[in-house]
Amino acid sequence: MTVSLDQLRRCSVAVDLGAARTRVYLKNTGLVVDEPSVAAVDCHTGSLVAVGETAERMIGRTPDHIRVVRPIASGIVVDVEMAQRMLRHLIGDKLSKAWRRKPIMRAAVCVPHGSEPMAQRAAVETLTGLGARRVELVDTLIAAAVGCGLPVEYPEATMIVVCGAATTQIAVLSLGAIVAAETIPVGGEVIDRAVIQHLRNQHALMLPSQAVRPLHRMLETTATGQGPSSIEVHGMDAASALARSVRVDTESVRLAIRTPLNSVLDGIRAVLRRCPPDLVADLADRGITLAGGSALLPGLDTMLRTTTGMPLVVADSPGNCAVRGLGAMVEGKARPMALESVQSIG
C-alpha cells in the first residue's frame, strides 16, 4: 500500500483524515488545516451550518433541525460527500488557489494499517472529488514513525504506538517496512465512555462529553504529585433529570479506565510475540514511541512503561506525527538508507 518516496515527492498536498481531527499539509507551506472532523448540517435545507471547532462546540446543544455529524470514523471515511464538503470549507481559499494553479494535482493521504479496499477507495474518492488527479495512500504507522523522527529505514527495530480517537495501532518497523502490527479498537473515545459509564453506575450522574476533559487534567496533575485528589463534576441526575454535582475521587476514575488501557497492553504483547528475537532485543534499549491524538491520556505512558519494562517516549505534538511524517515525505526530507549494490566476483 505504501508507495515509493519518488511518487510521494511529486505530491503537493498531504492529508491526515483522523476520526477526531483532520490535518492538511501543503508543500512548501506547512500545516494549513488542523480542525476537528465535525460538520453541522441543517436538515431542512441540507446546507452546512458549521465545520471544525465551531461544529464541535455544537455537539449535544443543537435543536432538532440541526444535525452534527462525523464523516470520518476510525480513520476511515464513512460519508464521502460530507467529508468532501467539510474539507472544502476547511481548506479555504489558500489551498483552493494552489489547486487551481496546478491542474494535475497529486495528493497523499494516510490510511489505517490493514484497512479494507473499500476504505482506501473512500479516501481516494474524497480527495479526487476536491480536484486531485492522483492520490497516493500511505500507511498511518509508517507516516507517524517518520513524523516522530524514528530511524525506520535502518535494520534496527523501532516500535510505535499510535493512539487515536477510536483505535490504537501498534507496529514494529525495520528497513522502512512493518514487521508486525496490530490494531486495537480502543482509543480516546473508548476511555471517555468508560469514565461516563462509571459516573452513571456509581453516582447516577449523566455526564456531558465536554466534562470529561477536566477529569483528564485532574488525572494528569495528580500523576505528577500535584493537584487535588478529587474534583467536583456537574451533570444531570439519571433519575430526576435535574442538574446535580458530585465529588469524584481520582483513584476511582483510574480504576474505571484500567480495563481499556489493558487492551492496549495486550496488543503490544501480541506484536512482540510475532517479532524475531533480534528485533525485540533492540527494543529493550530503544523502547516504545507513543504518538497519536490520545497519546497524552493520563496514566497511559506510566502504565506501559511499568508493565513492559521498556523505555517509553511520548512524541512532541503527538497528534500531528502522521501529517508531519507525510509532509516530510512530500517535501523529500525522508530518504531511504543507501545500499551499495553487490558486485559479482568474476
# chains A, B, ... in the order shown; residues from 1 in each chain; ligands from 1
call {"tool": "closest_atom_pairs", "arguments": {"of": "region 182-281 of chain A", "to": "region 162-175 of chain A", "cutoff": "7 Å", "atoms": "only C-alpha atoms", "output": "tab-separated table"}}
result
residue	atom	partner	partner_atom	distance
A:Glu182	CA	A:Ile170	CA	5.2
A:Thr183	CA	A:Gln169	CA	4.5
A:Ile184	CA	A:Thr168	CA	5.1
A:Pro185	CA	A:Thr167	CA	4.5
A:Val186	CA	A:Thr167	CA	4.8
A:Gly187	CA	A:Ala166	CA	4.4
A:Gly188	CA	A:Ala165	CA	4.5
A:Glu189	CA	A:Ala165	CA	5.4
A:Val190	CA	A:Ala166	CA	6.8
A:Ile268	CA	A:Ile170	CA	6.6
A:Val271	CA	A:Ala171	CA	6.8
call {"tool": "write_last_selection", "arguments": {"atoms": "C-alpha atoms", "output": "PDB file, in the first residue's frame"}}
result
ATOM      1  CA  GLU A 182      -1.908  -4.878  15.476  1.00  0.00           C
ATOM      2  CA  THR A 183      -4.978  -2.632  15.595  1.00  0.00           C
ATOM      3  CA  ILE A 184      -6.911  -2.430  18.869  1.00  0.00           C
ATOM      4  CA  PRO A 185     -10.466  -0.959  18.946  1.00  0.00           C
ATOM      5  CA  VAL A 186      -9.557   1.197  21.941  1.00  0.00           C
ATOM      6  CA  GLY A 187      -8.914   4.941  21.756  1.00  0.00           C
ATOM      7  CA  GLY A 188      -9.637   8.215  23.443  1.00  0.00           C
ATOM      8  CA  GLU A 189     -13.385   7.940  22.856  1.00  0.00           C
ATOM      9  CA  VAL A 190     -13.483   4.485  24.476  1.00  0.00           C
ATOM     10  CA  ILE A 268       1.738  -4.650  22.426  1.00  0.00           C
ATOM     11  CA  VAL A 271       3.001  -7.654  18.325  1.00  0.00           C
TER      12      VAL A 271
END
call {"tool": "residues_around", "arguments": {"residues": "His203 (chain A)", "least_positions_apart": "4", "cutoff": "12 Å", "atoms": "only C-alpha atoms", "output": "PyMOL selection string"}}
result
chain A and resi 195-199+207+233-239+244-249+252
call {"tool": "write_last_selection", "arguments": {"atoms": "N, CA and C atoms", "output": "tab-separated table (two decimals), in the first residue's frame"}}
result
chain	number	residue	atom	x	y	z
A	195	VAL	N	-15.30	6.43	31.46
A	195	VAL	CA	-15.45	7.38	32.56
A	195	VAL	C	-16.91	7.77	32.73
A	196	ILE	N	-17.59	8.04	31.61
A	196	ILE	CA	-19.00	8.43	31.66
A	196	ILE	C	-19.86	7.31	32.24
A	197	GLN	N	-19.58	6.07	31.82
A	197	GLN	CA	-20.34	4.93	32.34
A	197	GLN	C	-20.08	4.72	33.82
A	198	HIS	N	-18.85	4.94	34.26
A	198	HIS	CA	-18.50	4.79	35.68
A	198	HIS	C	-19.30	5.78	36.53
A	199	LEU	N	-19.38	7.03	36.08
A	199	LEU	CA	-20.11	8.03	36.85
A	199	LEU	C	-21.61	7.74	36.86
A	207	LEU	N	-23.12	12.43	32.48
A	207	LEU	CA	-22.08	13.45	32.28
A	207	LEU	C	-22.04	13.89	30.83
A	233	VAL	N	-17.83	17.49	39.75
A	233	VAL	CA	-18.29	17.30	38.37
A	233	VAL	C	-19.77	17.66	38.30
A	234	HIS	N	-20.15	18.42	37.28
A	234	HIS	CA	-21.53	18.84	37.08
A	234	HIS	C	-22.16	18.02	35.96
A	235	GLY	N	-23.38	17.56	36.20
A	235	GLY	CA	-24.09	16.80	35.19
A	235	GLY	C	-25.58	16.75	35.47
A	236	MET	N	-26.24	15.73	34.91
A	236	MET	CA	-27.68	15.59	35.07
A	236	MET	C	-27.97	14.31	35.85
A	237	ASP	N	-28.85	14.43	36.84
A	237	ASP	CA	-29.23	13.28	37.64
A	237	ASP	C	-29.99	12.28	36.76
A	238	ALA	N	-29.59	11.01	36.80
A	238	ALA	CA	-30.18	10.00	35.94
A	238	ALA	C	-31.64	9.72	36.29
A	239	ALA	N	-32.04	9.93	37.53
A	239	ALA	CA	-33.42	9.64	37.95
A	239	ALA	C	-34.34	10.84	37.80
A	244	ARG	N	-27.12	18.34	38.81
A	244	ARG	CA	-26.57	17.90	40.08
A	244	ARG	C	-25.04	17.87	39.98
A	245	SER	N	-24.39	18.03	41.11
A	245	SER	CA	-22.93	17.98	41.19
A	245	SER	C	-22.52	16.90	42.17
A	246	VAL	N	-21.44	16.20	41.83
A	246	VAL	CA	-20.89	15.17	42.72
A	246	VAL	C	-19.39	15.37	42.83
A	247	ARG	N	-18.84	14.84	43.91
A	247	ARG	CA	-17.39	14.87	44.12
A	247	ARG	C	-16.82	13.54	43.68
A	248	VAL	N	-15.93	13.56	42.70
A	248	VAL	CA	-15.39	12.33	42.11
A	248	VAL	C	-13.97	12.12	42.60
A	249	ASP	N	-13.69	10.91	43.07
A	249	ASP	CA	-12.36	10.56	43.57
A	249	ASP	C	-11.46	10.16	42.41
A	252	SER	N	-10.86	6.26	41.79
A	252	SER	CA	-11.98	5.52	41.19
A	252	SER	C	-12.00	5.71	39.67
call {"tool": "closest_residue", "arguments": {"among": "A:Ala328, A:Cys11, A:Ala20, A:Ala281", "to": "Met310 (chain A)", "atoms": "only C-alpha atoms"}}
result
A:Ala281
call {"tool": "closest_residue", "arguments": {"among": "A:Leu296, A:Thr158, A:Val212, A:Met329", "to": "Ala284 (chain A)", "atoms": "only C-alpha atoms"}}
result
A:Thr158
call {"tool": "select_by_dssp", "arguments": {"residues": "region 73-218 of chain A", "states": "helix (DSSP H, G or I)", "output": "JSON, numbers by chain"}}
result
{"A": [80, 81, 82, 83, 84, 85, 86, 87, 88, 89, 90, 91, 92, 93, 94, 95, 96, 97, 98, 99, 100, 101, 117, 118, 119, 120, 121, 122, 123, 124, 125, 126, 127, 128, 140, 141, 142, 143, 144, 145, 146, 147, 188, 189, 190, 191, 192, 193, 194, 195, 196, 197, 198, 199, 200, 201, 202, 203, 209, 210, 211, 212, 213, 214, 215, 216, 217, 218]}
call {"tool": "atom_distance", "arguments": {"atom1": "CA of Arg67 (chain A)", "atom2": "CA of Val80 (chain A)"}}
result
16.9 Å
call {"tool": "closest_residue", "arguments": {"among": "A:Glu56, A:Glu251, A:Asp64, A:Glu125", "to": "Ala83 (chain A)", "atoms": "only C-alpha atoms"}}
result
A:Glu125
call {"tool": "closest_residue", "arguments": {"among": "A:Asp192, A:Asp42, A:Asp139, A:Glu153", "to": "His65 (chain A)", "atoms": "only C-alpha atoms"}}
result
A:Asp42
call {"tool": "closest_residue", "arguments": {"among": "A:Pro71, A:Gly147, A:Pro155, A:Gly30", "to": "Asp278 (chain A)", "atoms": "only C-alpha atoms"}}
result
A:Pro155
call {"tool": "select_by_dssp", "arguments": {"residues": "region 28-83 of chain A", "states": "strand (DSSP E or B)", "output": "ChimeraX atom specification"}}
result
/A:30-36,39-42,48-51,66-69,72-73,76-77
call {"tool": "residues_around", "arguments": {"residues": "Glu136 (chain A)", "least_positions_apart": "6", "cutoff": "12 Å", "atoms": "only C-alpha atoms", "output": "PyMOL selection string"}}
result
chain A and resi 1-15+105-111+120-121+123-125+127-128+326+329-330
